[in-house]
file final08.csv (CSV, C-alpha atoms)
chain,number,residue,atom,x,y,z
Q,10,MET,CA,-1.2,17.2,15.9
Q,11,GLU,CA,-2.6,14.2,17.9
Q,12,GLY,CA,-5.1,13.4,15.1
Q,13,ASN,CA,-2.3,13.4,12.5
Q,14,LEU,CA,-0.1,11.2,14.7
Q,15,ARG,CA,-3.1,8.8,15.2
Q,16,TRP,CA,-3.6,8.6,11.4
Q,17,THR,CA,0.1,8.2,10.8
Q,18,LEU,CA,0.2,5.2,13.2
Q,19,ILE,CA,-2.9,3.7,11.5
Q,20,THR,CA,-1.3,4.2,8.1
Q,21,ALA,CA,1.9,2.5,9.3
Q,22,ILE,CA,0.0,-0.8,9.7
Q,23,ALA,CA,0.0,-1.1,5.9
Q,24,PRO,CA,3.7,-1.0,5.0
Q,25,VAL,CA,4.6,-3.1,8.0
Q,26,ALA,CA,2.1,-5.8,6.9
Q,27,TRP,CA,3.2,-5.5,3.3
Q,28,GLY,CA,6.8,-6.0,4.4
Q,29,THR,CA,5.9,-9.3,6.0
Q,30,ASN,CA,3.9,-10.3,2.9
Q,31,TYR,CA,7.1,-10.9,0.8
Q,32,TYR,CA,8.4,-13.5,3.2
Q,33,VAL,CA,5.0,-15.3,3.5
Q,34,THR,CA,4.6,-15.4,-0.2
Q,35,ARG,CA,8.1,-16.7,-0.8
Q,36,ALA,CA,8.0,-19.2,2.0
Q,37,PHE,CA,4.5,-20.6,2.0
Q,38,LEU,CA,2.5,-19.8,-1.2
Q,39,PRO,CA,2.7,-21.9,-4.5
Q,40,ALA,CA,5.3,-20.6,-7.0
Q,41,GLY,CA,4.8,-20.1,-10.7
Q,42,GLU,CA,1.1,-19.1,-10.6
Q,43,PRO,CA,1.1,-15.4,-9.8
Q,44,LEU,CA,-2.4,-14.7,-11.3
Q,45,TYR,CA,-4.1,-17.3,-9.0
Q,46,GLY,CA,-2.0,-16.1,-6.1
Q,47,ALA,CA,-3.2,-12.5,-6.7
Q,48,ALA,CA,-6.8,-13.6,-7.2
Q,49,PHE,CA,-6.8,-15.7,-4.0
Q,50,ARG,CA,-5.5,-12.6,-2.2
Q,51,ALA,CA,-7.8,-10.0,-3.6
Q,52,LEU,CA,-11.3,-11.5,-3.8
Q,53,PRO,CA,-11.6,-13.0,-0.3
Q,54,ALA,CA,-10.3,-9.8,1.3
Q,55,GLY,CA,-12.8,-7.7,-0.7
Q,56,LEU,CA,-15.7,-10.0,0.3
Q,57,LEU,CA,-14.6,-9.8,4.0
Q,58,LEU,CA,-14.6,-6.0,3.9
Q,59,LEU,CA,-17.9,-6.0,2.0
Q,60,ALA,CA,-19.5,-8.1,4.7
Q,61,ALA,CA,-18.3,-5.6,7.3
Q,62,CYS,CA,-19.6,-2.4,5.5
Q,63,ARG,CA,-22.5,-3.8,3.5
Q,64,ALA,CA,-22.4,-1.1,0.8
Q,65,ARG,CA,-22.5,-1.7,-2.9
Q,66,PRO,CA,-21.0,0.6,-5.6
Q,67,HIS,CA,-23.3,3.3,-7.0
Q,68,GLY,CA,-23.1,5.8,-9.9
Q,69,SER,CA,-19.6,6.4,-11.2
Q,70,TRP,CA,-18.1,4.1,-8.6
Q,71,TRP,CA,-18.9,1.1,-10.8
Q,72,TRP,CA,-16.2,2.2,-13.3
Q,73,LYS,CA,-14.0,3.9,-10.7
Q,74,SER,CA,-13.9,0.6,-8.7
Q,75,LEU,CA,-12.8,-1.2,-11.9
Q,76,VAL,CA,-10.0,1.3,-12.6
Q,77,LEU,CA,-8.7,1.3,-9.0
Q,78,GLY,CA,-9.2,-2.4,-8.7
Q,79,THR,CA,-7.0,-2.9,-11.8
Q,80,LEU,CA,-4.3,-0.5,-10.7
Q,81,ASN,CA,-4.2,-1.1,-6.9
Q,82,MET,CA,-5.2,-4.7,-6.7
Q,83,GLY,CA,-5.3,-6.9,-9.8
Q,84,GLY,CA,-2.3,-5.8,-11.8
Q,85,PHE,CA,-0.4,-4.8,-8.6
Q,86,PHE,CA,-0.9,-8.1,-6.8
Q,87,ALA,CA,0.1,-10.2,-9.8
Q,88,LEU,CA,3.3,-8.2,-10.3
Q,89,ILE,CA,4.2,-8.2,-6.6
Q,90,TYR,CA,3.6,-12.0,-6.5
Q,91,ILE,CA,6.1,-12.4,-9.2
Q,92,ALA,CA,8.6,-10.2,-7.5
Q,93,ALA,CA,8.2,-12.0,-4.2
Q,94,GLN,CA,8.8,-15.3,-5.8
Q,95,ARG,CA,11.9,-14.2,-7.7
Q,96,LEU,CA,13.6,-11.8,-5.3
Q,97,PRO,CA,14.9,-12.0,-1.7
Q,98,THR,CA,12.6,-10.5,0.8
Q,99,SER,CA,14.9,-7.5,1.4
Q,100,VAL,CA,15.3,-6.7,-2.3
Q,101,ALA,CA,11.6,-7.1,-3.2
Q,102,SER,CA,10.4,-4.8,-0.5
Q,103,SER,CA,13.2,-2.3,-1.1
Q,104,VAL,CA,12.2,-1.6,-4.7
Q,105,MET,CA,8.8,-0.4,-3.5
Q,106,ALA,CA,10.4,2.2,-1.3
Q,107,THR,CA,10.9,4.4,-4.4
Q,108,SER,CA,7.1,5.1,-4.4
Q,109,PRO,CA,7.2,8.2,-2.1
Q,110,MET,CA,8.9,10.3,-4.8
Q,111,VAL,CA,6.6,8.9,-7.5
Q,112,MET,CA,3.5,9.5,-5.3
Q,113,MET,CA,4.6,13.1,-4.6
Q,114,LEU,CA,5.0,13.8,-8.3
Q,115,ILE,CA,1.7,12.2,-9.3
Q,116,ALA,CA,-0.1,14.0,-6.4
Q,117,TRP,CA,1.3,17.3,-7.6
Q,118,GLY,CA,0.0,16.7,-11.1
Q,119,LEU,CA,-3.4,15.1,-10.3
Q,120,ILE,CA,-4.6,16.7,-7.1
Q,121,ALA,CA,-2.3,19.9,-7.0
Q,122,GLU,CA,-0.8,18.7,-3.7
Q,123,ARG,CA,2.7,20.3,-3.9
Q,124,PRO,CA,5.4,18.4,-1.9
Q,125,ARG,CA,7.2,20.4,0.8
Q,126,PRO,CA,11.0,20.6,0.8
Q,127,ALA,CA,11.3,18.3,3.8
Q,128,HIS,CA,9.2,15.7,2.1
Q,129,LEU,CA,11.4,15.8,-1.0
Q,130,ILE,CA,14.6,15.7,1.1
Q,131,GLY,CA,13.2,12.8,3.1
Q,132,ALA,CA,12.2,10.9,0.0
Q,133,GLY,CA,15.6,11.5,-1.6
Q,134,VAL,CA,17.5,10.3,1.5
Q,135,GLY,CA,15.2,7.3,1.8
Q,136,ILE,CA,15.6,6.3,-1.8
Q,137,GLY,CA,19.4,6.6,-1.4
Q,138,GLY,CA,19.1,4.1,1.4
Q,139,VAL,CA,17.0,1.8,-0.9
Q,140,TYR,CA,19.7,1.8,-3.6
Q,141,LEU,CA,22.3,0.8,-1.0
Q,142,MET,CA,20.1,-2.1,0.2
Q,143,LEU,CA,19.1,-3.1,-3.3
Q,144,PHE,CA,22.4,-3.1,-5.2
Q,145,THR,CA,25.0,-4.0,-2.6
Q,146,GLY,CA,23.4,-7.2,-1.1
Q,147,ALA,CA,25.2,-10.5,-1.0
Q,148,THR,CA,22.6,-12.2,-3.3
Q,149,SER,CA,22.3,-11.8,-7.1
Q,150,ILE,CA,19.6,-9.6,-8.6
Q,151,ASP,CA,16.9,-11.2,-10.8
Q,152,LEU,CA,16.1,-8.5,-13.4
Q,153,LEU,CA,12.6,-9.9,-14.2
Q,154,GLY,CA,11.8,-9.7,-10.5
Q,155,VAL,CA,13.1,-6.1,-10.2
Q,156,GLY,CA,11.1,-5.2,-13.3
Q,157,ALA,CA,7.9,-6.6,-11.8
Q,158,SER,CA,8.5,-4.6,-8.6
Q,159,ILE,CA,9.1,-1.4,-10.5
Q,160,ALA,CA,5.9,-1.9,-12.6
Q,161,ALA,CA,3.9,-2.7,-9.5
Q,162,MET,CA,5.3,0.4,-7.8
Q,163,LEU,CA,4.4,2.7,-10.7
Q,164,MET,CA,0.9,1.2,-11.1
Q,165,SER,CA,0.0,1.4,-7.5
Q,166,SER,CA,1.4,4.9,-7.0
Q,167,CYS,CA,-0.9,6.2,-9.7
Q,168,GLY,CA,-3.9,4.2,-8.3
Q,169,TYR,CA,-3.3,5.5,-4.8
Q,170,ILE,CA,-3.4,9.1,-5.9
Q,171,LEU,CA,-6.6,8.5,-7.9
Q,172,ALA,CA,-8.1,6.8,-4.8
Q,173,LYS,CA,-7.2,9.9,-2.8
Q,174,ARG,CA,-8.7,12.2,-5.4
Q,175,TRP,CA,-12.0,10.3,-5.3
Q,176,SER,CA,-12.0,9.3,-1.6
Q,177,ALA,CA,-14.4,12.0,-0.4
Q,178,GLU,CA,-17.3,10.4,-2.3
Q,179,VAL,CA,-17.6,7.2,-0.2
Q,180,GLU,CA,-16.4,5.6,3.0
Q,181,VAL,CA,-13.0,3.9,3.3
Q,182,LEU,CA,-14.0,0.3,3.8
Q,183,ALA,CA,-16.6,0.5,1.1
Q,184,SER,CA,-14.2,1.8,-1.6
Q,185,THR,CA,-11.5,-0.6,-0.4
Q,186,SER,CA,-13.8,-3.6,-0.7
Q,187,TRP,CA,-15.0,-2.6,-4.2
Q,188,GLN,CA,-11.4,-2.3,-5.4
Q,189,LEU,CA,-10.4,-5.7,-4.1
Q,190,ILE,CA,-13.5,-7.4,-5.5
Q,191,ALA,CA,-13.1,-5.7,-8.9
Q,192,GLY,CA,-9.4,-6.8,-9.0
Q,193,GLY,CA,-10.2,-10.3,-7.9
Q,194,LEU,CA,-13.0,-10.7,-10.5
Q,195,LEU,CA,-10.6,-9.5,-13.2
Q,196,LEU,CA,-7.9,-11.9,-12.1
Q,197,PHE,CA,-9.8,-15.2,-11.9
Q,198,PRO,CA,-10.8,-15.6,-15.6
Q,199,LEU,CA,-7.4,-14.4,-16.6
Q,200,ALA,CA,-5.7,-16.9,-14.3
Q,201,ALA,CA,-7.9,-19.7,-15.7
Q,202,ALA,CA,-7.0,-18.8,-19.3
Q,203,VAL,CA,-3.2,-18.4,-18.7
Q,204,GLU,CA,-2.4,-20.8,-15.8
Q,205,GLY,CA,-5.1,-23.4,-16.3
Q,206,ALA,CA,-6.6,-25.2,-13.3
Q,207,PRO,CA,-6.1,-23.6,-9.8
Q,208,PRO,CA,-3.1,-24.8,-7.8
Q,209,HIS,CA,-3.4,-27.4,-5.1
Q,210,LEU,CA,-3.1,-25.8,-1.7
Q,211,ASP,CA,-1.6,-27.6,1.2
Q,212,GLY,CA,-2.1,-26.7,4.8
Q,213,ALA,CA,0.8,-24.2,4.9
Q,214,ALA,CA,-0.5,-22.5,1.8
Q,215,VAL,CA,-4.0,-22.2,3.2
Q,216,LEU,CA,-2.6,-20.6,6.3
Q,217,GLY,CA,-0.4,-18.4,4.3
Q,218,PHE,CA,-3.2,-17.1,2.1
Q,219,GLY,CA,-5.3,-16.6,5.3
Q,220,TYR,CA,-2.6,-14.3,6.7
Q,221,VAL,CA,-2.2,-12.5,3.3
Q,222,THR,CA,-5.9,-12.0,2.9
Q,223,VAL,CA,-6.8,-10.8,6.4
Q,224,VAL,CA,-3.7,-9.0,7.6
Q,225,ALA,CA,-1.6,-8.0,4.5
Q,226,THR,CA,-4.6,-7.1,2.3
Q,227,ALA,CA,-8.0,-6.4,4.1
Q,228,LEU,CA,-6.5,-4.7,7.2
Q,229,ALA,CA,-3.5,-3.2,5.4
Q,230,PHE,CA,-5.4,-1.6,2.5
Q,231,ALA,CA,-8.1,-0.2,4.8
Q,232,ALA,CA,-5.4,1.4,6.9
Q,233,TRP,CA,-3.6,2.7,3.9
Q,234,PHE,CA,-6.6,4.3,2.2
Q,235,ALA,CA,-7.7,5.8,5.6
Q,236,GLY,CA,-4.3,7.5,5.8
Q,237,LEU,CA,-4.5,8.8,2.2
Q,238,ARG,CA,-7.9,10.4,3.1
Q,239,HIS,CA,-6.6,12.2,6.3
Q,240,LEU,CA,-2.9,12.9,5.5
Q,241,PRO,CA,-1.0,14.5,2.6
Q,242,ALA,CA,0.1,12.0,0.0
Q,243,ALA,CA,3.8,12.9,0.6
Q,244,THR,CA,3.5,12.0,4.3
Q,245,VAL,CA,1.8,8.7,3.5
Q,246,GLY,CA,4.5,8.0,0.9
Q,247,LEU,CA,7.2,8.5,3.6
Q,248,VAL,CA,5.4,6.2,6.0
Q,249,GLY,CA,5.5,3.6,3.2
Q,250,LEU,CA,9.3,3.5,3.7
Q,251,LEU,CA,8.5,1.2,6.6
Q,252,ASN,CA,7.9,-1.5,4.0
Q,253,PRO,CA,11.6,-2.1,3.1
Q,254,VAL,CA,12.6,-1.7,6.7
Q,255,THR,CA,10.2,-4.5,7.7
Q,256,GLY,CA,11.2,-6.6,4.7
Q,257,VAL,CA,14.9,-6.4,5.4
Q,258,LEU,CA,14.6,-7.1,9.1
Q,259,LEU,CA,12.2,-10.0,8.5
Q,260,GLY,CA,14.4,-11.4,5.7
Q,261,THR,CA,17.4,-11.3,8.0
Q,262,VAL,CA,15.9,-12.6,11.2
Q,263,ILE,CA,13.6,-15.3,9.9
Q,264,ALA,CA,14.7,-16.1,6.3
Q,265,GLY,CA,18.4,-16.0,7.1
Q,266,GLU,CA,19.3,-13.7,4.3
Q,267,ALA,CA,22.6,-11.9,4.6
Q,268,LEU,CA,22.7,-8.3,5.7
Q,269,THR,CA,25.8,-6.4,4.7
Q,270,VAL,CA,27.3,-3.3,6.2
Q,271,LYS,CA,26.2,-1.3,3.2
Q,272,GLN,CA,22.7,-2.6,3.6
Q,273,LEU,CA,22.7,-1.5,7.3
Q,274,CYS,CA,23.8,2.0,6.1
Q,275,GLY,CA,21.0,1.9,3.6
Q,276,LEU,CA,18.5,0.9,6.3
Q,277,ALA,CA,19.7,3.8,8.5
Q,278,LEU,CA,19.2,6.2,5.6
Q,279,VAL,CA,15.7,5.0,5.0
Q,280,THR,CA,14.9,5.6,8.7
Q,281,ILE,CA,16.3,9.1,8.5
Q,282,GLY,CA,14.2,9.7,5.4
Q,283,ILE,CA,11.0,8.8,7.4
Q,284,LEU,CA,12.1,11.0,10.4
Q,285,LEU,CA,12.7,14.0,8.1
Q,286,GLY,CA,9.0,14.0,7.3
Q,287,ARG,CA,8.0,14.4,10.9
Q,288,PRO,CA,8.6,18.2,11.3
Q,289,VAL,CA,6.5,18.8,8.2
Q,290,LEU,CA,3.7,16.6,9.8
Q,291,ARG,CA,3.8,18.7,12.9
Q,292,ARG,CA,3.6,22.0,11.1
Q,293,TRP,CA,0.9,20.6,8.9
Q,294,GLY,CA,-1.0,19.5,12.0
Q,295,ARG,CA,-0.7,22.9,13.7
Q,296,SER,CA,-1.9,24.8,10.6
Q,297,HIS,CA,-4.8,22.4,10.0
Q,298,GLY,CA,-5.6,21.3,13.5
Q,299,THR,CA,-8.4,23.8,13.9
Q,300,THR,CA,-10.2,22.6,10.9
Q,301,SER,CA,-9.7,18.8,11.3
Q,302,ALA,CA,-12.7,18.4,13.6
Q,303,ALA,CA,-14.9,20.3,11.1
Q,304,ARG,CA,-13.6,18.1,8.3
Q,305,ASP,CA,-14.5,15.0,10.2
Q,306,GLN,CA,-18.0,16.3,10.9
Q,307,GLY,CA,-18.8,16.8,7.3
Q,308,GLY,CA,-16.9,20.1,6.7
Q,309,ARG,CA,-15.1,18.6,3.7
Q,310,PRO,CA,-17.2,18.5,0.6
Q,311,GLY,CA,-18.7,15.2,-0.3
Q,312,VAL,CA,-18.5,13.6,3.1
Q,313,ARG,CA,-21.6,13.0,5.2
Q,314,ALA,CA,-21.5,14.3,8.8
Q,315,SER,CA,-22.7,11.1,10.3
Q,316,GLU,CA,-20.1,8.4,10.9
Q,317,SER,CA,-20.8,5.2,9.0
Q,318,ALA,CA,-20.0,1.6,9.8
Q,319,CYS,CA,-17.9,1.6,6.6
Q,320,LYS,CA,-15.5,4.3,7.9
Q,321,VAL,CA,-12.3,3.2,9.7
Q,322,PRO,CA,-12.8,4.2,13.3
Q,323,PRO,CA,-10.2,6.3,15.2
Q,324,ALA,CA,-7.6,4.4,17.0
call {"tool": "encode", "arguments": {"input": "final08.csv", "output": "structure tokens"}}
result
Amino acid sequence: MEGNLRWTLITAIAPVAWGTNYYVTRAFLPAGEPLYGAAFRALPAGLLLLAACRARPHGSWWWKSLVLGTLNMGGFFALIYIAAQRLPTSVASSVMATSPMVMMLIAWGLIAERPRPAHLIGAGVGIGGVYLMLFTGATSIDLLGVGASIAAMLMSSCGYILAKRWSAEVEVLASTSWQLIAGGLLLFPLAAAVEGAPPHLDGAAVLGFGYVTVVATALAFAAWFAGLRHLPAATVGLVGLLNPVTGVLLGTVIAGEALTVKQLCGLALVTIGILLGRPVLRRWGRSHGTTSAARDQGGRPGVRASESACKVPPA
């Protein structure tokens, strides 16, 4: 149980960081060039993690990195950049909260990880809260921005489950760095062809990209993929509901966006949805607690017994 709580807290770093990313993108980064914005986010973060783990792809991970880099990084970053520029912080982050249900269904089909009733109920309650926050706000809704958010959510949900399916083959930091580098290398030539010369970055934009690269990308994705390795996909998806909670609160406190009574009710439902997953986590921890140590020591197929510098250390 303590191990599962530890990995849940580590995983929570990701959605909280992503929730802040919407405001930083909207407030400090150049608008109208989502491909360059995504490339500037992905490639430096991947190189930073590669310098930390010093491991290159091998075997099938050359093409797996390309697939995951496209789904989780390249296409996802470009779409989410568009969403962040066209939608209020609270709305942009709220759309992504539908991912728990999608992740559960994809995990059921791809890795035979059947969701538990409490997970489904928690996801349903949380998504209900998302709809309250999304469609009852005081600001108008940009349909292109919402469409970009939905496409990003579907693309990343599929990529996350594929990453979980293949995660036993390599360490977390290594696979995360390869995905980010692959996504960045795909984005730069596409950005040059579509958007022309790179945008001029002032001091605020440089600092903004620094935060997005280190905190909202390198640290966040390493924490997220570590959680996917150690926890059920359904539990990770529910933790991801912290994304809209962070986005709504940050948009209200810093960006001065209006927060209606219905949005507050939606925020409460999202919180309840997360809490509904906790009893399942405890039961899962009790039933698997006796084998977690063996798994960490190499009992799980495909994982070396020795700890590597590329594996995210316990908190």
call {"tool": "closest_atom_pairs", "arguments": {"input": "final08.csv", "of": "stretch 139-228 of chain Q", "to": "stretch 108-124 of chain Q", "cutoff": "8 Å", "atoms": "all atoms listed in the file", "output": "Markdown table"}}
result
| residue | atom | partner | partner_atom | distance |
| --- | --- | --- | --- | --- |
| Q:Met162 | CA | Q:Ser108 | CA | 6.1 |
| Q:Leu163 | CA | Q:Ser108 | CA | 7.3 |
| Q:Ser166 | CA | Q:Met112 | CA | 5.3 |
| Q:Cys167 | CA | Q:Ile115 | CA | 6.6 |
| Q:Tyr169 | CA | Q:Met112 | CA | 7.9 |
| Q:Ile170 | CA | Q:Ala116 | CA | 5.9 |
| Q:Leu171 | CA | Q:Leu119 | CA | 7.7 |
| Q:Arg174 | CA | Q:Ile120 | CA | 6.3 |
call {"tool": "residues_around", "arguments": {"input": "final08.csv", "residues": "stretch 208-218 of chain Q", "least_positions_apart": "3", "cutoff": "7 Å", "atoms": "only C-alpha atoms", "output": "PDB file with C-alpha atoms, in the frame of the given file"}}
result
ATOM      1  CA  VAL Q  33       5.000 -15.300   3.500  1.00  0.00           C
ATOM      2  CA  PHE Q  37       4.500 -20.600   2.000  1.00  0.00           C
ATOM      3  CA  LEU Q  38       2.500 -19.800  -1.200  1.00  0.00           C
ATOM      4  CA  ARG Q  50      -5.500 -12.600  -2.200  1.00  0.00           C
ATOM      5  CA  VAL Q 221      -2.200 -12.500   3.300  1.00  0.00           C
ATOM      6  CA  THR Q 222      -5.900 -12.000   2.900  1.00  0.00           C
TER       7      THR Q 222
END
call {"tool": "residues_around", "arguments": {"input": "final08.csv", "residues": "Q:Glu42", "least_positions_apart": "4", "cutoff": "10 Å", "atoms": "all atoms listed in the file", "output": "VMD selection string"}}
result
chain Q and resid 38 46 to 47 87 90 to 91 94 200 203 to 205 207 to 208
call {"tool": "atom_distance", "arguments": {"input": "final08.csv", "atom1": "atom CA of Q:Thr185", "atom2": "atom CA of Q:Ala132"}}
result
26.3 Å
call {"tool": "residues_around", "arguments": {"input": "final08.csv", "residues": "Q:Leu58", "least_positions_apart": "6", "cutoff": "9 Å", "atoms": "all atoms listed in the file", "output": "list of chain:residue names"}}
result
Q:Leu182, Q:Ala183, Q:Thr185, Q:Ser186, Q:Trp187, Q:Ala227, Q:Leu228, Q:Ala231, Q:Cys319
call {"tool": "atom_distance", "arguments": {"input": "final08.csv", "atom1": "atom CA of Q:Gly84", "atom2": "atom CA of Q:Pro43"}}
result
10.4 Å
call {"tool": "closest_residue", "arguments": {"input": "final08.csv", "among": "Q:Leu273, Q:Leu59, Q:Ala92, Q:Ala202", "to": "Q:Val104", "atoms": "all atoms listed in the file"}}
result
Q:Ala92
call {"tool": "closest_residue", "arguments": {"input": "final08.csv", "among": "Q:Leu14, Q:Leu259, Q:Met164, Q:Ala106", "to": "Q:His239", "atoms": "only C-alpha atoms"}}
result
Q:Leu14
call {"tool": "closest_residue", "arguments": {"input": "final08.csv", "among": "Q:Asn30, Q:Gln272, Q:Thr20, Q:Thr255", "to": "Q:Gly219", "atoms": "all atoms listed in the file"}}
result
Q:Asn30
call {"tool": "residues_around", "arguments": {"input": "final08.csv", "residues": "Q:Ile283", "least_positions_apart": "4", "cutoff": "12 Å", "atoms": "all atoms listed in the file", "output": "PyMOL selection string"}}
result
chain Q and resi 17+21+106+109+127-136+138+243-254+276-279+287-290
call {"tool": "closest_residue", "arguments": {"input": "final08.csv", "among": "Q:Gly137, Q:Thr269, Q:Cys274, Q:Val262", "to": "Q:Thr29", "atoms": "all atoms listed in the file"}}
result
Q:Val262
call {"tool": "atom_distance", "arguments": {"input": "final08.csv", "atom1": "atom CA of Q:Ala51", "atom2": "atom CA of Q:Leu96"}}
result
21.5 Å
call {"tool": "build_atoms", "arguments": {"input": "final08.csv", "residues": "stretch 114-131 of chain Q", "atoms": "N, CA and C atoms", "output": "CSV table (one decimal), keeping the file's coordinate frame"}}
result
chain,number,residue,atom,x,y,z
Q,114,LEU,N,5.1,13.2,-7.0
Q,114,LEU,CA,5.0,13.8,-8.3
Q,114,LEU,C,3.6,13.6,-8.9
Q,115,ILE,N,3.0,12.5,-8.8
Q,115,ILE,CA,1.7,12.2,-9.3
Q,115,ILE,C,0.7,13.0,-8.6
Q,116,ALA,N,0.8,13.1,-7.2
Q,116,ALA,CA,-0.1,14.0,-6.4
Q,116,ALA,C,0.0,15.4,-6.8
Q,117,TRP,N,1.2,15.9,-7.2
Q,117,TRP,CA,1.3,17.3,-7.6
Q,117,TRP,C,0.6,17.5,-8.9
Q,118,GLY,N,0.6,16.5,-9.8
Q,118,GLY,CA,0.0,16.7,-11.1
Q,118,GLY,C,-1.5,16.5,-11.1
Q,119,LEU,N,-2.0,15.5,-10.3
Q,119,LEU,CA,-3.4,15.1,-10.3
Q,119,LEU,C,-4.3,15.8,-9.3
Q,120,ILE,N,-3.7,16.1,-8.1
Q,120,ILE,CA,-4.6,16.7,-7.1
Q,120,ILE,C,-4.0,18.0,-6.6
Q,121,ALA,N,-3.0,18.6,-7.3
Q,121,ALA,CA,-2.3,19.9,-7.0
Q,121,ALA,C,-1.8,19.9,-5.5
Q,122,GLU,N,-1.3,18.8,-5.1
Q,122,GLU,CA,-0.8,18.7,-3.7
Q,122,GLU,C,0.8,18.8,-3.8
Q,123,ARG,N,1.2,20.0,-3.7
Q,123,ARG,CA,2.7,20.3,-3.9
Q,123,ARG,C,3.5,19.8,-2.8
Q,124,PRO,N,4.5,19.0,-3.0
Q,124,PRO,CA,5.4,18.4,-1.9
Q,124,PRO,C,6.2,19.5,-1.3
Q,125,ARG,N,6.4,19.4,0.0
Q,125,ARG,CA,7.2,20.4,0.8
Q,125,ARG,C,8.6,20.0,0.7
Q,126,PRO,N,9.6,20.9,0.9
Q,126,PRO,CA,11.0,20.6,0.8
Q,126,PRO,C,11.4,19.5,1.7
Q,127,ALA,N,10.9,19.4,2.9
Q,127,ALA,CA,11.3,18.3,3.8
Q,127,ALA,C,10.8,17.0,3.3
Q,128,HIS,N,9.7,16.9,2.7
Q,128,HIS,CA,9.2,15.7,2.1
Q,128,HIS,C,10.1,15.2,1.0
Q,129,LEU,N,10.5,16.2,0.1
Q,129,LEU,CA,11.4,15.8,-1.0
Q,129,LEU,C,12.8,15.4,-0.5
Q,130,ILE,N,13.3,16.1,0.5
Q,130,ILE,CA,14.6,15.7,1.1
Q,130,ILE,C,14.5,14.3,1.7
Q,131,GLY,N,13.4,14.1,2.5
Q,131,GLY,CA,13.2,12.8,3.1
Q,131,GLY,C,13.1,11.7,2.1
